[in-house]
Amino acid sequence: MSPESLRKEAPACSLCGEPAVIHQRQTSRYLCGTHLTADVGHRVSETIASQQQVVPGDCVAVALSGGKDSTALLLILHRLFGSRKDIRLVAVTVDEGIGGYREATVRSAQDLVRRLGVEHITVSFGELFGDSLDTILNGRESQACSICGILRKKALVVGAERAGATKLATGHNLDDEAQSVLMNVLRGDLMRLVRNSGMDSGGRFIPRVKPLMYIQEKEIATCLMVQGEWEDLPECPYAVHALRREVRSILSELEYRHPGTMLRLMQSRKTVETAFMGKTGGEPVGTCRECGDPCSGDICQLCQLRHSIMR
Ligand code: SF4
Ligand code: ZN
């Protein structure tokens, strides 16, 4: 089939009539590459503005794994704030030490920051915790994501602190956020939905922001493709063990059959947050008695992990 006939067969963009690259089922629109990119940029700006995720004077540490979401996040934030004198962007990459996977994404991250001229800080598990994730796991591969998640969180904070950041931006998209809501429900950990982990840090930790939280994964992937920024990278070998993988496939199926499912899950979280506001939701941030980091109990997850598995 010739490119001309393919062009003719693609549905037309609802806004300009050019060949569409995506069907936004939640808005019943077809969009071409230009209008999809503009729409995503606009919605990210709205999220940033409505939640005051980035304000003048901020130094934003952008968590850059080199994968598609963080690549899209840095590209968008650079487009929005790259020329601003009153906002600084610093990319922070965590190298967990995952053989056959992380090398390629770290290279992709380095290539991107070089092209954009963005400052870049890399923090490795080896430097912070004495070993790579591959070594730390040592037979606990089935728990890889829980262990990695705790260590990554700390490594990102260390990177953001080194950057002198006032905000830590991560590339979590709508799919990730909706999956987290469902996973918390499935684990019976409803309170985690309303835990005070966002902007209101009371100066105790660097507030985390998620500018892509209302953008679907497929919108991000399509944006990268039309901008020539798509790179086929390997998947983390430990992802097969994650509950998230199963939840992801169930939710994708539900979203396809019932468009808007993910957004409705996010609305449920908002409803629960609002209902618990001023009650037990915004759990008081305590201090870990061992390391002094902010935590919700007596001892933080990292110190618990140190006791249970690390030297
Ligand atoms: Fe870490 Fe799991 Fe993500 Fe791999 S998939 S980088 S182990 S959290
Ligand atoms: Zn601790």
# chains A, B, ... in the order shown; residues from 1 in each chain; ligands from 1

call {"tool": "residues_near_ligand", "arguments": {"ligand": "ligand 1", "cutoff": "8 Å", "atoms": "only C-alpha atoms and all ligand atoms", "output": "JSON, numbers by chain"}}
result
{"A": [96, 98, 133, 144, 145, 146, 147, 148, 149, 152, 235, 236, 237, 238, 239, 240, 242]}

call {"tool": "write_last_selection", "arguments": {"atoms": "all heavy atoms", "output": "compact mmCIF listing (two decimals), in the first residue's frame"}}
result
# COMPACT_ATOMS: atom_id res chain seq x y z
N GLU A 96 20.07 2.31 38.94
CA GLU A 96 19.89 1.28 39.97
C GLU A 96 20.92 0.17 39.84
O GLU A 96 21.17 -0.56 40.80
CB GLU A 96 18.49 0.64 39.88
CG GLU A 96 17.33 1.59 39.93
CD GLU A 96 16.92 2.07 38.55
OE1 GLU A 96 17.69 1.85 37.58
OE2 GLU A 96 15.85 2.66 38.42
N ILE A 98 20.87 -2.23 36.88
CA ILE A 98 20.08 -3.35 36.37
C ILE A 98 20.67 -3.73 35.02
O ILE A 98 20.50 -3.01 34.03
CB ILE A 98 18.58 -2.96 36.22
CG1 ILE A 98 18.02 -2.45 37.56
CG2 ILE A 98 17.76 -4.14 35.70
CD1 ILE A 98 16.58 -1.93 37.50
N LEU A 133 21.25 -2.89 42.23
CA LEU A 133 20.00 -3.58 42.57
C LEU A 133 20.15 -5.07 42.28
O LEU A 133 19.69 -5.91 43.07
CB LEU A 133 18.82 -2.99 41.76
CG LEU A 133 17.47 -3.63 42.09
CD1 LEU A 133 16.99 -3.27 43.49
CD2 LEU A 133 16.39 -3.24 41.08
N ALA A 144 11.32 -7.37 43.64
CA ALA A 144 12.20 -6.34 43.06
C ALA A 144 11.60 -4.94 43.10
O ALA A 144 12.25 -3.99 43.53
CB ALA A 144 12.56 -6.73 41.63
N CYS A 145 10.34 -4.82 42.67
CA CYS A 145 9.78 -3.46 42.53
C CYS A 145 9.54 -2.79 43.88
O CYS A 145 9.73 -1.58 43.99
CB CYS A 145 8.51 -3.49 41.69
SG CYS A 145 8.86 -3.93 39.98
N SER A 146 9.14 -3.56 44.89
CA SER A 146 8.96 -2.93 46.20
C SER A 146 10.29 -2.45 46.74
O SER A 146 10.40 -1.33 47.26
CB SER A 146 8.34 -3.89 47.23
OG SER A 146 7.59 -4.86 46.62
N ILE A 147 11.33 -3.29 46.61
CA ILE A 147 12.65 -2.91 47.13
C ILE A 147 13.20 -1.75 46.30
O ILE A 147 13.64 -0.72 46.85
CB ILE A 147 13.60 -4.13 47.08
CG1 ILE A 147 13.09 -5.21 48.05
CG2 ILE A 147 15.04 -3.72 47.40
CD1 ILE A 147 13.82 -6.55 47.95
N CYS A 148 13.15 -1.89 45.00
CA CYS A 148 13.67 -0.85 44.11
C CYS A 148 12.94 0.47 44.35
O CYS A 148 13.57 1.53 44.38
CB CYS A 148 13.49 -1.31 42.66
SG CYS A 148 14.00 -0.12 41.44
N GLY A 149 11.61 0.41 44.56
CA GLY A 149 10.82 1.62 44.74
C GLY A 149 11.31 2.43 45.94
O GLY A 149 11.44 3.66 45.86
N ARG A 152 14.88 3.78 45.11
CA ARG A 152 14.81 4.81 44.05
C ARG A 152 14.31 6.14 44.62
O ARG A 152 14.80 7.21 44.26
CB ARG A 152 13.80 4.38 42.98
CG ARG A 152 14.35 3.56 41.87
CD ARG A 152 13.24 3.29 40.86
NE ARG A 152 12.78 4.53 40.25
CZ ARG A 152 13.44 5.16 39.28
NH1 ARG A 152 14.57 4.66 38.83
NH2 ARG A 152 12.99 6.28 38.79
N GLU A 235 12.78 -3.32 28.28
CA GLU A 235 11.95 -3.19 29.48
C GLU A 235 12.73 -3.76 30.66
O GLU A 235 13.56 -4.67 30.50
CB GLU A 235 10.65 -3.99 29.30
CG GLU A 235 9.60 -3.61 30.32
CD GLU A 235 8.36 -4.51 30.29
OE1 GLU A 235 8.36 -5.50 29.51
OE2 GLU A 235 7.44 -4.25 31.05
N CYS A 236 12.47 -3.22 31.86
CA CYS A 236 13.17 -3.72 33.04
C CYS A 236 12.87 -5.22 33.22
O CYS A 236 11.71 -5.63 33.20
CB CYS A 236 12.72 -2.96 34.28
SG CYS A 236 13.45 -3.62 35.79
N PRO A 237 13.92 -6.04 33.38
CA PRO A 237 13.69 -7.48 33.49
C PRO A 237 12.87 -7.88 34.71
O PRO A 237 12.28 -8.96 34.75
CB PRO A 237 15.11 -8.06 33.60
CG PRO A 237 15.97 -6.92 34.03
CD PRO A 237 15.33 -5.68 33.48
N TYR A 238 12.80 -7.01 35.73
CA TYR A 238 12.06 -7.35 36.95
C TYR A 238 10.57 -6.99 36.86
O TYR A 238 9.79 -7.36 37.73
CB TYR A 238 12.66 -6.63 38.16
CG TYR A 238 14.11 -6.99 38.38
CD1 TYR A 238 15.10 -6.00 38.33
CD2 TYR A 238 14.50 -8.30 38.61
CE1 TYR A 238 16.44 -6.33 38.51
CE2 TYR A 238 15.83 -8.64 38.78
CZ TYR A 238 16.80 -7.64 38.73
OH TYR A 238 18.10 -7.96 38.90
N ALA A 239 10.20 -6.25 35.80
CA ALA A 239 8.81 -5.78 35.70
C ALA A 239 7.83 -6.95 35.62
O ALA A 239 6.66 -6.81 36.00
CB ALA A 239 8.65 -4.88 34.48
N VAL A 240 8.29 -8.12 35.17
CA VAL A 240 7.39 -9.28 35.05
C VAL A 240 6.81 -9.71 36.40
O VAL A 240 5.76 -10.32 36.47
CB VAL A 240 8.09 -10.51 34.43
CG1 VAL A 240 8.36 -10.30 32.96
CG2 VAL A 240 9.35 -10.86 35.18
N ALA A 242 5.85 -7.69 38.78
CA ALA A 242 5.07 -6.64 39.44
C ALA A 242 3.57 -6.85 39.33
O ALA A 242 3.05 -7.19 38.27
CB ALA A 242 5.45 -5.28 38.86

call {"tool": "residues_near_ligand", "arguments": {"ligand": "ligand 2", "cutoff": "8 Å", "atoms": "only C-alpha atoms and all ligand atoms", "output": "JSON list (two decimals) with N, CA and C atoms, in the first residue's frame"}}
result
[["chain", "number", "residue", "atom", "x", "y", "z"],
["A", 287, "THR", "N", 9.24, 11.66, 62.06],
["A", 287, "THR", "CA", 10.66, 11.60, 61.76],
["A", 287, "THR", "C", 11.16, 10.21, 62.08],
["A", 288, "CYS", "N", 11.90, 9.61, 61.16],
["A", 288, "CYS", "CA", 12.45, 8.28, 61.40],
["A", 288, "CYS", "C", 13.44, 8.35, 62.55],
["A", 289, "ARG", "N", 13.27, 7.48, 63.54],
["A", 289, "ARG", "CA", 14.15, 7.57, 64.72],
["A", 289, "ARG", "C", 15.58, 7.12, 64.41],
["A", 290, "GLU", "N", 15.78, 6.48, 63.25],
["A", 290, "GLU", "CA", 17.13, 6.03, 62.92],
["A", 290, "GLU", "C", 17.88, 6.99, 62.01],
["A", 291, "CYS", "N", 17.20, 7.46, 60.95],
["A", 291, "CYS", "CA", 17.94, 8.28, 59.98],
["A", 291, "CYS", "C", 17.47, 9.72, 59.95],
["A", 292, "GLY", "N", 16.35, 10.03, 60.59],
["A", 292, "GLY", "CA", 15.88, 11.41, 60.65],
["A", 292, "GLY", "C", 15.08, 11.84, 59.43],
["A", 293, "ASP", "N", 14.88, 10.94, 58.46],
["A", 293, "ASP", "CA", 14.08, 11.30, 57.29],
["A", 293, "ASP", "C", 12.60, 11.42, 57.68],
["A", 294, "PRO", "N", 11.84, 12.23, 56.92],
["A", 294, "PRO", "CA", 10.41, 12.29, 57.20],
["A", 294, "PRO", "C", 9.78, 10.92, 56.93],
["A", 295, "CYS", "N", 8.86, 10.50, 57.80],
["A", 295, "CYS", "CA", 8.16, 9.24, 57.53],
["A", 295, "CYS", "C", 6.85, 9.25, 58.31],
["A", 299, "ILE", "N", 9.72, 4.37, 62.09],
["A", 299, "ILE", "CA", 10.97, 4.10, 61.37],
["A", 299, "ILE", "C", 10.64, 4.05, 59.88],
["A", 300, "CYS", "N", 11.49, 4.67, 59.05],
["A", 300, "CYS", "CA", 11.13, 4.80, 57.63],
["A", 300, "CYS", "C", 11.32, 3.47, 56.88],
["A", 301, "GLN", "N", 10.74, 3.42, 55.67],
["A", 301, "GLN", "CA", 10.79, 2.18, 54.89],
["A", 301, "GLN", "C", 12.23, 1.80, 54.54],
["A", 302, "LEU", "N", 13.06, 2.82, 54.30],
["A", 302, "LEU", "CA", 14.45, 2.53, 53.91],
["A", 302, "LEU", "C", 15.20, 1.88, 55.08],
["A", 303, "CYS", "N", 14.99, 2.40, 56.29],
["A", 303, "CYS", "CA", 15.66, 1.81, 57.45],
["A", 303, "CYS", "C", 15.14, 0.40, 57.72],
["A", 304, "GLN", "N", 13.81, 0.20, 57.51],
["A", 304, "GLN", "CA", 13.25, -1.15, 57.68],
["A", 304, "GLN", "C", 13.92, -2.10, 56.69]]

call {"tool": "atom_distance", "arguments": {"atom1": "atom CA of Gln216 of chain A", "atom2": "atom CA of Leu174 of chain A"}}
result
5.0 Å

call {"tool": "closest_atom_pairs", "arguments": {"of": "segment 10-97 of chain A", "to": "segment 260-272 of chain A", "cutoff": "10 Å", "atoms": "only C-alpha atoms", "output": "tab-separated table"}}
result
residue	atom	partner	partner_atom	distance
A:Arg25	CA	A:Gly260	CA	8.1
A:Gln26	CA	A:Gly260	CA	5.6
A:Thr27	CA	A:Gly260	CA	9.1

call {"tool": "atom_distance", "arguments": {"atom1": "atom CA of Ser65 of chain A", "atom2": "atom CA of Val92 of chain A"}}
result
8.0 Å

call {"tool": "atom_distance", "arguments": {"atom1": "atom CA of Val226 of chain A", "atom2": "atom CA of Ala12 of chain A"}}
result
15.8 Å

call {"tool": "closest_atom_pairs", "arguments": {"of": "segment 154-228 of chain A", "to": "segment 33-39 of chain A", "cutoff": "9 Å", "atoms": "only C-alpha atoms", "output": "Markdown table"}}
result
| residue | atom | partner | partner_atom | distance |
| --- | --- | --- | --- | --- |
| A:Glu219 | CA | A:Leu36 | CA | 7.7 |
| A:Ile220 | CA | A:Thr37 | CA | 8.9 |
| A:Thr222 | CA | A:Gly33 | CA | 8.0 |
| A:Cys223 | CA | A:Thr37 | CA | 5.8 |
| A:Leu224 | CA | A:Thr37 | CA | 8.9 |
| A:Met225 | CA | A:Gly33 | CA | 8.9 |
| A:Val226 | CA | A:Gly33 | CA | 5.7 |
| A:Gln227 | CA | A:Gly33 | CA | 8.1 |

call {"tool": "residues_around", "arguments": {"residues": "Glu103 of chain A", "least_positions_apart": "5", "cutoff": "12 Å", "atoms": "only C-alpha atoms", "output": "list in words"}}
result
Ser65, Gly66, Gly67, Thr93, Val94, Asp95, Glu96, Gly97, Ile98, Ser108, Ala109, Gln110, Ser124, Leu233, Pro234, Glu235 and Cys236 of chain A

call {"tool": "select_by_dssp", "arguments": {"residues": "segment 51-193 of chain A", "states": "strand (DSSP E)", "output": "PyMOL selection string"}}
result
chain A and resi 59-63+88-95+119-124+167-169

call {"tool": "write_last_selection", "arguments": {"atoms": "C-alpha atoms", "output": "PDB file, in the first residue's frame"}}
result
ATOM      1  CA  CYS A  59      14.507  24.917  40.788  1.00  0.00           C
ATOM      2  CA  VAL A  60      12.792  21.824  39.369  1.00  0.00           C
ATOM      3  CA  ALA A  61      14.588  18.491  39.578  1.00  0.00           C
ATOM      4  CA  VAL A  62      13.156  16.397  36.740  1.00  0.00           C
ATOM      5  CA  ALA A  63      13.378  12.662  37.360  1.00  0.00           C
ATOM      6  CA  ARG A  88      15.841  26.341  36.713  1.00  0.00           C
ATOM      7  CA  LEU A  89      15.567  22.780  35.394  1.00  0.00           C
ATOM      8  CA  VAL A  90      17.963  20.027  36.458  1.00  0.00           C
ATOM      9  CA  ALA A  91      17.579  16.437  35.246  1.00  0.00           C
ATOM     10  CA  VAL A  92      18.198  13.716  37.836  1.00  0.00           C
ATOM     11  CA  THR A  93      18.859  10.147  36.716  1.00  0.00           C
ATOM     12  CA  VAL A  94      18.969   7.175  39.073  1.00  0.00           C
ATOM     13  CA  ASP A  95      21.136   4.270  37.967  1.00  0.00           C
ATOM     14  CA  GLU A 119      22.128  20.298  33.721  1.00  0.00           C
ATOM     15  CA  HIS A 120      22.273  16.596  34.648  1.00  0.00           C
ATOM     16  CA  ILE A 121      22.941  14.761  37.914  1.00  0.00           C
ATOM     17  CA  THR A 122      23.233  10.970  38.107  1.00  0.00           C
ATOM     18  CA  VAL A 123      22.940   9.047  41.374  1.00  0.00           C
ATOM     19  CA  SER A 124      23.683   5.324  41.500  1.00  0.00           C
ATOM     20  CA  LYS A 167      10.349  20.737  43.455  1.00  0.00           C
ATOM     21  CA  LEU A 168      10.812  17.176  42.264  1.00  0.00           C
ATOM     22  CA  ALA A 169       8.895  16.432  39.049  1.00  0.00           C
TER      23      ALA A 169
END
